[in-house]
file input-v9.pdb (PDB, C-alpha atoms)
ATOM      1  CA  MET A   1    -124.448  86.029 -24.048
ATOM      2  CA  LEU A   2    -125.423  83.609 -21.298
ATOM      3  CA  ILE A   3    -126.185  86.549 -19.018
ATOM      4  CA  ASP A   4    -128.354  88.075 -21.751
ATOM      5  CA  TYR A   5    -130.268  84.827 -22.015
ATOM      6  CA  LEU A   6    -130.612  84.523 -18.245
ATOM      7  CA  THR A   7    -131.970  88.051 -17.948
ATOM      8  CA  THR A   8    -134.789  87.121 -20.310
ATOM      9  CA  LEU A   9    -135.813  84.016 -18.374
ATOM     10  CA  GLY A  10    -139.544  84.005 -18.102
ATOM     11  CA  LYS A  11    -142.378  81.744 -17.209
ATOM     12  CA  TRP A  12    -142.461  80.056 -20.612
ATOM     13  CA  ASN A  13    -138.766  79.181 -20.480
ATOM     14  CA  TRP A  14    -139.317  77.438 -17.153
ATOM     15  CA  LEU A  15    -142.320  75.553 -18.484
ATOM     16  CA  ILE A  16    -140.327  74.418 -21.529
ATOM     17  CA  LEU A  17    -137.427  73.366 -19.292
ATOM     18  CA  SER A  18    -139.897  71.471 -17.137
ATOM     19  CA  ALA A  19    -141.250  69.643 -20.191
ATOM     20  CA  VAL A  20    -137.690  68.774 -21.288
ATOM     21  CA  PHE A  21    -136.875  67.319 -17.850
ATOM     22  CA  LEU A  22    -140.107  65.331 -17.774
ATOM     23  CA  VAL A  23    -139.499  63.929 -21.265
ATOM     24  CA  LEU A  24    -135.961  62.960 -20.205
ATOM     25  CA  GLU A  25    -137.496  61.175 -17.224
ATOM     26  CA  LEU A  26    -139.735  59.220 -19.579
ATOM     27  CA  LEU A  27    -136.779  58.264 -21.770
ATOM     28  CA  ALA A  28    -134.501  57.254 -18.877
ATOM     29  CA  PRO A  29    -136.623  56.607 -15.790
ATOM     30  CA  GLY A  30    -134.978  56.920 -12.426
ATOM     31  CA  ALA A  31    -137.022  59.614 -10.659
ATOM     32  CA  PHE A  32    -134.187  62.143 -10.857
ATOM     33  CA  MET A  33    -135.322  64.292 -13.773
ATOM     34  CA  LEU A  34    -138.879  64.112 -12.470
ATOM     35  CA  TRP A  35    -138.025  66.276  -9.478
ATOM     36  CA  LEU A  36    -136.014  68.741 -11.551
ATOM     37  CA  GLY A  37    -138.961  68.974 -13.931
ATOM     38  CA  LEU A  38    -141.390  69.586 -11.087
ATOM     39  CA  SER A  39    -139.046  72.224  -9.634
ATOM     40  CA  ALA A  40    -138.880  74.034 -12.985
ATOM     41  CA  LEU A  41    -142.668  73.765 -13.302
ATOM     42  CA  LEU A  42    -143.114  75.306  -9.865
ATOM     43  CA  VAL A  43    -140.817  78.230 -10.716
ATOM     44  CA  GLY A  44    -142.728  78.710 -13.984
ATOM     45  CA  LEU A  45    -146.094  78.710 -12.219
ATOM     46  CA  ILE A  46    -144.886  81.176  -9.588
ATOM     47  CA  SER A  47    -143.618  83.397 -12.419
ATOM     48  CA  PHE A  48    -147.205  83.793 -13.648
ATOM     49  CA  PHE A  49    -148.054  85.608 -10.397
ATOM     50  CA  VAL A  50    -144.749  87.192  -9.339
ATOM     51  CA  ASP A  51    -142.481  89.352 -11.480
ATOM     52  CA  TRP A  52    -139.080  88.451 -10.071
ATOM     53  CA  PRO A  53    -135.523  88.787 -11.374
ATOM     54  CA  TRP A  54    -133.743  85.845 -12.987
ATOM     55  CA  GLN A  55    -131.376  85.522 -10.004
ATOM     56  CA  PHE A  56    -134.319  84.802  -7.688
ATOM     57  CA  GLN A  57    -135.748  82.361 -10.221
ATOM     58  CA  LEU A  58    -132.488  80.381 -10.329
ATOM     59  CA  VAL A  59    -132.199  80.385  -6.543
ATOM     60  CA  ALA A  60    -135.818  79.249  -6.219
ATOM     61  CA  PHE A  61    -135.192  76.463  -8.743
ATOM     62  CA  ALA A  62    -132.128  75.302  -6.789
ATOM     63  CA  VAL A  63    -134.019  75.428  -3.479
ATOM     64  CA  PHE A  64    -136.972  73.502  -4.894
ATOM     65  CA  ALA A  65    -134.662  70.921  -6.482
ATOM     66  CA  LEU A  66    -132.756  70.414  -3.218
ATOM     67  CA  ALA A  67    -135.959  70.322  -1.171
ATOM     68  CA  SER A  68    -137.283  67.583  -3.428
ATOM     69  CA  ILE A  69    -134.546  65.157  -2.273
ATOM     70  CA  PRO A  70    -136.070  64.448   1.172
ATOM     71  CA  LEU A  71    -139.530  64.388  -0.402
ATOM     72  CA  TRP A  72    -138.350  61.810  -2.924
ATOM     73  CA  ARG A  73    -136.800  59.666  -0.188
ATOM     74  CA  ARG A  74    -139.993  59.773   1.861
ATOM     75  CA  PHE A  75    -142.079  58.928  -1.195
ATOM     76  CA  ALA A  76    -139.723  56.127  -2.290
ATOM     77  CA  HIS A  77    -139.918  54.432   1.111
ATOM     78  CA  ARG A  78    -143.708  54.430   0.979
ATOM     79  CA  VAL A  79    -143.848  53.025  -2.525
ATOM     80  CA  GLU A  80    -141.117  50.401  -2.085
ATOM     81  CA  ARG A  81    -142.841  47.281  -0.826
ATOM     82  CA  LEU A  82    -141.933  43.650  -0.932
ATOM     83  CA  GLY A  83    -143.639  41.928  -3.802
ATOM     84  CA  ASP A  84    -144.533  38.306  -4.151
ATOM     85  CA  GLN A  85    -140.851  37.582  -4.964
ATOM     86  CA  PRO A  86    -138.806  39.597  -2.452
ATOM     87  CA  PHE A  87    -135.480  37.951  -3.415
ATOM     88  CA  LEU A  88    -135.929  38.253  -7.168
ATOM     89  CA  ASN A  89    -132.733  40.248  -7.721
ATOM     90  CA  ARG A  90    -131.023  39.060  -4.522
ATOM     91  CA  ARG A  91    -131.059  35.290  -4.880
ATOM     92  CA  ALA A  92    -128.135  34.692  -2.532
ATOM     93  CA  GLU A  93    -129.964  36.384   0.356
ATOM     94  CA  ALA A  94    -132.800  33.880   0.003
ATOM     95  CA  PHE A  95    -130.448  31.118   1.190
ATOM     96  CA  VAL A  96    -129.523  32.761   4.512
ATOM     97  CA  GLY A  97    -130.607  30.470   7.348
ATOM     98  CA  ARG A  98    -131.030  27.418   5.121
ATOM     99  CA  GLU A  99    -129.026  24.214   5.497
ATOM    100  CA  PHE A 100    -127.331  22.246   2.716
ATOM    101  CA  THR A 101    -125.174  19.144   2.326
ATOM    102  CA  LEU A 102    -121.740  19.604   0.781
ATOM    103  CA  GLU A 103    -121.060  17.435  -2.254
ATOM    104  CA  LYS A 104    -117.425  18.561  -2.313
ATOM    105  CA  PRO A 105    -115.243  19.531   0.664
ATOM    106  CA  ILE A 106    -114.435  23.097   1.666
ATOM    107  CA  VAL A 107    -110.672  23.446   1.300
ATOM    108  CA  SER A 108    -108.667  26.483   2.439
ATOM    109  CA  GLY A 109    -111.906  28.268   3.317
ATOM    110  CA  ASN A 110    -113.421  27.980  -0.175
ATOM    111  CA  GLY A 111    -115.786  25.476  -1.719
ATOM    112  CA  THR A 112    -118.948  25.033  -3.755
ATOM    113  CA  VAL A 113    -122.412  23.664  -3.265
ATOM    114  CA  LYS A 114    -125.084  22.889  -5.843
ATOM    115  CA  ILE A 115    -128.447  24.413  -4.996
ATOM    116  CA  ASP A 116    -131.222  23.569  -7.431
ATOM    117  CA  ASP A 117    -129.621  24.182 -10.843
ATOM    118  CA  THR A 118    -126.852  26.569  -9.750
ATOM    119  CA  VAL A 119    -123.417  26.005  -8.250
ATOM    120  CA  TRP A 120    -122.683  28.563  -5.526
ATOM    121  CA  ARG A 121    -119.295  29.497  -4.125
ATOM    122  CA  LEU A 122    -118.895  29.012  -0.385
ATOM    123  CA  ALA A 123    -116.664  30.562   2.243
ATOM    124  CA  GLY A 124    -116.270  28.951   5.630
ATOM    125  CA  PRO A 125    -114.188  26.573   7.735
ATOM    126  CA  ASP A 126    -112.624  23.528   6.091
ATOM    127  CA  LEU A 127    -115.144  20.670   6.073
ATOM    128  CA  PRO A 128    -115.248  17.287   4.344
ATOM    129  CA  GLY A 129    -117.768  16.446   1.619
ATOM    130  CA  GLY A 130    -121.118  15.245   2.963
ATOM    131  CA  SER A 131    -121.069  17.729   5.869
ATOM    132  CA  ARG A 132    -124.164  19.777   6.675
ATOM    133  CA  VAL A 133    -123.673  23.542   6.562
ATOM    134  CA  LYS A 134    -125.900  26.499   7.353
ATOM    135  CA  VAL A 135    -125.727  29.738   5.360
ATOM    136  CA  VAL A 136    -125.135  32.621   7.772
ATOM    137  CA  ARG A 137    -124.569  35.446   5.312
ATOM    138  CA  ALA A 138    -124.658  36.222   1.608
ATOM    139  CA  ASP A 139    -121.674  38.217   0.418
ATOM    140  CA  ALA A 140    -122.400  39.197  -3.203
ATOM    141  CA  ALA A 141    -122.338  35.857  -5.104
ATOM    142  CA  MET A 142    -120.651  33.962  -2.269
ATOM    143  CA  LEU A 143    -122.421  32.217   0.581
ATOM    144  CA  VAL A 144    -120.741  32.295   3.984
ATOM    145  CA  VAL A 145    -121.448  29.063   5.866
ATOM    146  CA  GLU A 146    -120.831  27.438   9.217
ATOM    147  CA  PRO A 147    -121.092  23.766  10.191
ATOM    148  CA  VAL A 148    -124.416  22.563  11.563
TER     149      VAL A 148
END
call {"tool": "encode", "arguments": {"input": "input-v9.pdb", "output": "structure tokens"}}
result
Amino acid sequence: MLIDYLTTLGKWNWLILSAVFLVLELLAPGAFMLWLGLSALLVGLISFFVDWPWQFQLVAFAVFALASIPLWRRFAHRVERLGDQPFLNRRAEAFVGREFTLEKPIVSGNGTVKIDDTVWRLAGPDLPGGSRVKVVRADAAMLVVEPV
């Protein structure tokens, strides 16, 4: 049954599969289905000029899909640029290198500091309240500090 279907794979099946992948990419963007859709489109276009067995078509689709991974990475690096808000989704990283005054002491290596309207968790050496600290690293939602 599946083999019977595969033996009848033709150019139109590949073009339909390509359209399905591209529509899926529109519904759930992530640039993954895009490359599968382009690979299916390429196999379909080649099928207009070459009469090849279904096994070769599937292998060509797999090769094109795998070859698209480095192309996607190269393309993604070119497109990915810092915008006007480079720390938009990485707020903690924006504090690295900045200095703050502790309102509360750091006890047992843990403490908090209020920055603007947010209270951030701190990790660092025990220090009394009122001490100046410098953020050396952002570890998820925790700021790692050292005394100034």
call {"tool": "atom_distance", "arguments": {"input": "input-v9.pdb", "atom1": "atom CA of A:Gly97", "atom2": "atom CA of A:Val135"}}
result
5.3 Å
call {"tool": "resolve_selection", "arguments": {"input": "input-v9.pdb", "expression": "the PyMOL selection byres ((chain A and resi 37) around 9)", "output": "PyMOL selection string"}}
result
chain A and resi 15+17-23+25+32-36+38-42+65
call {"tool": "atom_distance", "arguments": {"input": "input-v9.pdb", "atom1": "atom CA of A:Arg90", "atom2": "atom CA of A:Ile69"}}
result
26.4 Å
call {"tool": "closest_residue", "arguments": {"input": "input-v9.pdb", "among": "A:Val144, A:Ala94, A:Leu58, A:Ile46", "to": "A:Pro125", "atoms": "all atoms listed in the file"}}
result
A:Val144
call {"tool": "closest_residue", "arguments": {"input": "input-v9.pdb", "among": "A:Gly30, A:Val136, A:Trp54, A:Leu127", "to": "A:Lys11", "atoms": "only C-alpha atoms"}}
result
A:Trp54
call {"tool": "resolve_selection", "arguments": {"input": "input-v9.pdb", "expression": "the PyMOL selection byres ((chain A and resi 103) around 7)", "output": "list in words"}}
result
Thr101, Leu102, Lys104, Pro105, Val113, Gly129 and Gly130 of chain A
call {"tool": "resolve_selection", "arguments": {"input": "input-v9.pdb", "expression": "the PyMOL selection byres ((chain A and resi 48) around 12)", "output": "VMD selection string"}}
result
chain A and resid 10 to 15 41 to 47 49 to 52
call {"tool": "atom_distance", "arguments": {"input": "input-v9.pdb", "atom1": "atom CA of A:Leu66", "atom2": "atom CA of A:Leu26"}}
result
21.0 Å
call {"tool": "closest_residue", "arguments": {"input": "input-v9.pdb", "among": "A:Gln57, A:Ser131, A:Thr118, A:Ser68", "to": "A:Arg91", "atoms": "all atoms listed in the file"}}
result
A:Thr118
call {"tool": "residues_around", "arguments": {"input": "input-v9.pdb", "residues": "A:Val148", "least_positions_apart": "5", "cutoff": "9 Å", "atoms": "all atoms listed in the file", "output": "list in words"}}
result
Glu99, Ser131, Arg132, Val133 and Lys134 of chain A
call {"tool": "residues_around", "arguments": {"input": "input-v9.pdb", "residues": "A:Ile106", "least_positions_apart": "2", "cutoff": "8 Å", "atoms": "all atoms listed in the file", "output": "list in words"}}
result
Lys104, Ser108, Gly109, Asn110, Gly111, Thr112, Leu122, Ala123, Gly124, Pro125, Asp126, Leu127, Pro128 and Gly129 of chain A
call {"tool": "closest_residue", "arguments": {"input": "input-v9.pdb", "among": "A:Val119, A:Ala92, A:Pro53, A:Ala60", "to": "A:Arg137", "atoms": "all atoms listed in the file"}}
result
A:Ala92
call {"tool": "closest_residue", "arguments": {"input": "input-v9.pdb", "among": "A:Ala62, A:Pro29, A:Glu93, A:Arg98", "to": "A:Pro147", "atoms": "all atoms listed in the file"}}
result
A:Arg98
call {"tool": "closest_residue", "arguments": {"input": "input-v9.pdb", "among": "A:Leu71, A:Ile16, A:Val96, A:Val59", "to": "A:Met142", "atoms": "all atoms listed in the file"}}
result
A:Val96
